[in-house]
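Everything below concerns the one structure shown next.
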Amino acid sequence: MTTTPFTNPDTLTRRRLLGAALAVGAAVPLGLAGPARAASGTPTPVQLTLPAPTGPYPVGTVALHLIDAARPDPWAGPGRHRELMASVWYPARDVERYPLAPWMSAGTLRRLLQSAGFDPDVVRAPLTAGHQSAPARRSGRELPVVVFSHGAHSQRADHTVMVQELASQGYVVVTVDHTYDAFTEFPDGRVLAPDEDPQHSMGPADFAADIRFVLDCVEDLAAGRNPDADGWPLPKGLTGALDPRRIGMFGWSKGGTATARVMLDDPRVRAGLSLDGPMLPTMTGDLDRPFMMMTAEFTRAQEPSVAEFWTHLRGWRLNVQAEGAVHSSYGDNQVLIPQLAKVVGMSDEELRARIGTLDPARAVRIQQAYPLAFFDRHLRHRRGHLLDGPSRAFPEVTFLP
């Protein structure tokens, strides 16, 4: 595995701080007030919520345990191969009998909170719109696929707002935990946290290698095969429902850089979206397929590697930026942290430092609208007008020339 750093230490520290804040409560170790307590003195758990998707279809989801038998994993020990947890999100039917999936598993959330020095019993993870193992909706045509790659020291749930929106609009979305750079839980009960040793830092190339294996698993699902390492049954109708000829990818931060790397190396991904990816190490290969950047802190004006990458986009390209956005604004942070702010006594200034000045409700609409418009145009050939230029419906979004 490569160990090339993808950004500078200051940025990584800032990302970890944002990740800790998303770890629902890390604001307390940062010196803010603690959570409310019941009369008994025990913390009163805070129930977080996520906004519902807007698409016409209910959403299903299922977890997959994946093992890449072709790729040894040096961090796992001799004789071990690369092992990943992934989730598949898809349009579903007959969902009433299937419970909603939590944003994170209880074991993963506990480990994440403990790593931030926070009481793991003071918060309840939000429920998603995904019904666990509900049967897939089949409409007679295979569904386009989008793969998601998270940021450094994060996890596959951190962009659920976008993921479940795409699924509700008729996409199959596959999210993956990059083991040793993610908080993840395996079926046997093992809960792993990101490796803090800088000598073991994973680069975008490592993320990209994970995604290329995930693309193989997408092809398995499309062909009617079950890639789950333990052979757990898949939801009815899911195998054979995916269209491997219409695959897109998006990622946040390091995952955004990984999206570009995958597209440079693997023609199976037809369209890519980067959510404030730093594009480090600098990439100089030309890319002739559609690519869109939603930038915040890693702009072409501020980050030479992003500017360099932009010059190598030979196909359809677009760069938009939402006014007031910070690095984490195009994700679940933007709606989860404000909920915590009310509970832990975070000041307005402290809140702005974590989510910027982009209104959370508006951020949600941007997250739901722009990725959908991008993948609709390039995977479904639906010509909407949102990506043609500034929209009165989204005055916060600037189109960068």
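Letters for chains follow the order of the structure tokens (A, B, ...), residue numbers begin at 1 for each chain, and ligand numbers begin at 1 in the order shown.
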
I need the alpha helix (DSSP H) residues of region 12-253 of chain A per DSSP on the backbone, written as a ChimeraX atom specification.
/A:12-22,106-115,160-168,204-222

Can you tell me which residues surround Val146 (chain A) at a distance of at most 7 Å, considering only C-alpha atoms, apart from same-chain residues fewer than 4 positions away, and format the answer as a list of chain:residue names?
A:Val172, A:Val173, A:Val174, A:Ile247, A:Gly248, A:Met249

Provide the CA of Ala363 (chain A) to CA of Tyr330 (chain A) distance in Å, to one decimal place.
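Between these atoms lies a distance of 6.9 Å.
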
Need the shell around region 83-99 of chain A: protein/DNA/RNA residues with any atom at most 8 Å away, counting only C-alpha atoms. Skip same-chain ones fewer than 4 positions apart. Format as a PDB file with C-alpha atoms, in the first residue's frame?
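Final output, saved to out.pdb:
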```
ATOM      1  CA  TYR A  57     -39.128   5.425  -4.258  1.00  0.00           C
ATOM      2  CA  PRO A  58     -38.681   3.990  -0.766  1.00  0.00           C
ATOM      3  CA  VAL A  59     -35.100   2.984  -0.015  1.00  0.00           C
ATOM      4  CA  GLY A  60     -33.586  -0.342   0.899  1.00  0.00           C
ATOM      5  CA  THR A  61     -30.102  -1.092   2.169  1.00  0.00           C
ATOM      6  CA  VAL A  62     -27.965  -4.121   2.932  1.00  0.00           C
ATOM      7  CA  ALA A  63     -24.427  -4.511   4.296  1.00  0.00           C
ATOM      8  CA  LEU A  64     -21.803  -6.598   2.509  1.00  0.00           C
ATOM      9  CA  HIS A  65     -18.672  -8.228   3.915  1.00  0.00           C
ATOM     10  CA  LEU A  66     -16.095  -8.249   1.119  1.00  0.00           C
ATOM     11  CA  ILE A  67     -12.696  -9.965   0.928  1.00  0.00           C
ATOM     12  CA  ASP A  68     -10.323  -9.325  -1.964  1.00  0.00           C
ATOM     13  CA  ASP A  73      -3.244  -6.718   3.285  1.00  0.00           C
ATOM     14  CA  GLY A 130     -32.994   2.770   4.307  1.00  0.00           C
ATOM     15  CA  HIS A 131     -35.082  -0.302   5.155  1.00  0.00           C
ATOM     16  CA  GLN A 132     -32.791  -3.198   5.991  1.00  0.00           C
ATOM     17  CA  SER A 133     -32.856  -5.962   3.345  1.00  0.00           C
ATOM     18  CA  ALA A 134     -36.154  -4.809   1.821  1.00  0.00           C
ATOM     19  CA  PRO A 135     -36.807  -6.295  -1.639  1.00  0.00           C
ATOM     20  CA  ALA A 136     -35.447  -4.279  -4.541  1.00  0.00           C
ATOM     21  CA  ARG A 137     -37.834  -2.508  -6.871  1.00  0.00           C
ATOM     22  CA  ARG A 156     -19.085   5.057   4.835  1.00  0.00           C
ATOM     23  CA  VAL A 163     -26.632   8.421  -0.743  1.00  0.00           C
ATOM     24  CA  GLN A 164     -30.243   7.879   0.245  1.00  0.00           C
ATOM     25  CA  ALA A 167     -31.322   5.659  -4.051  1.00  0.00           C
ATOM     26  CA  SER A 168     -34.765   7.255  -3.710  1.00  0.00           C
ATOM     27  CA  GLN A 169     -34.353   8.580  -7.262  1.00  0.00           C
ATOM     28  CA  GLY A 170     -33.659   5.174  -8.777  1.00  0.00           C
ATOM     29  CA  TYR A 171     -29.917   4.625  -8.347  1.00  0.00           C
ATOM     30  CA  VAL A 172     -28.044   1.778  -6.700  1.00  0.00           C
ATOM     31  CA  VAL A 173     -25.386   3.342  -4.452  1.00  0.00           C
ATOM     32  CA  VAL A 174     -22.488   1.351  -2.999  1.00  0.00           C
ATOM     33  CA  THR A 175     -20.600   2.833  -0.050  1.00  0.00           C
ATOM     34  CA  VAL A 176     -17.431   1.345   1.434  1.00  0.00           C
ATOM     35  CA  ASP A 177     -15.339   1.676   4.593  1.00  0.00           C
ATOM     36  CA  HIS A 178     -11.642   1.926   3.779  1.00  0.00           C
ATOM     37  CA  THR A 179     -10.370  -0.397   6.503  1.00  0.00           C
ATOM     38  CA  THR A 184     -15.902  -0.010  10.776  1.00  0.00           C
ATOM     39  CA  GLU A 185     -17.460  -3.159  12.235  1.00  0.00           C
ATOM     40  CA  PHE A 186     -17.244  -6.643  10.775  1.00  0.00           C
TER      41      PHE A 186
END
```

Closest of A:Leu387, A:Leu242, A:Val326, A:Leu372 to Pro360 (chain A), counting only C-alpha atoms, is A:Val326

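Closest approach to Ala258 (chain A) among A:Gly272, A:Pro120, A:Pro235, A:Pro198: A:Gly272, based on only C-alpha atoms.
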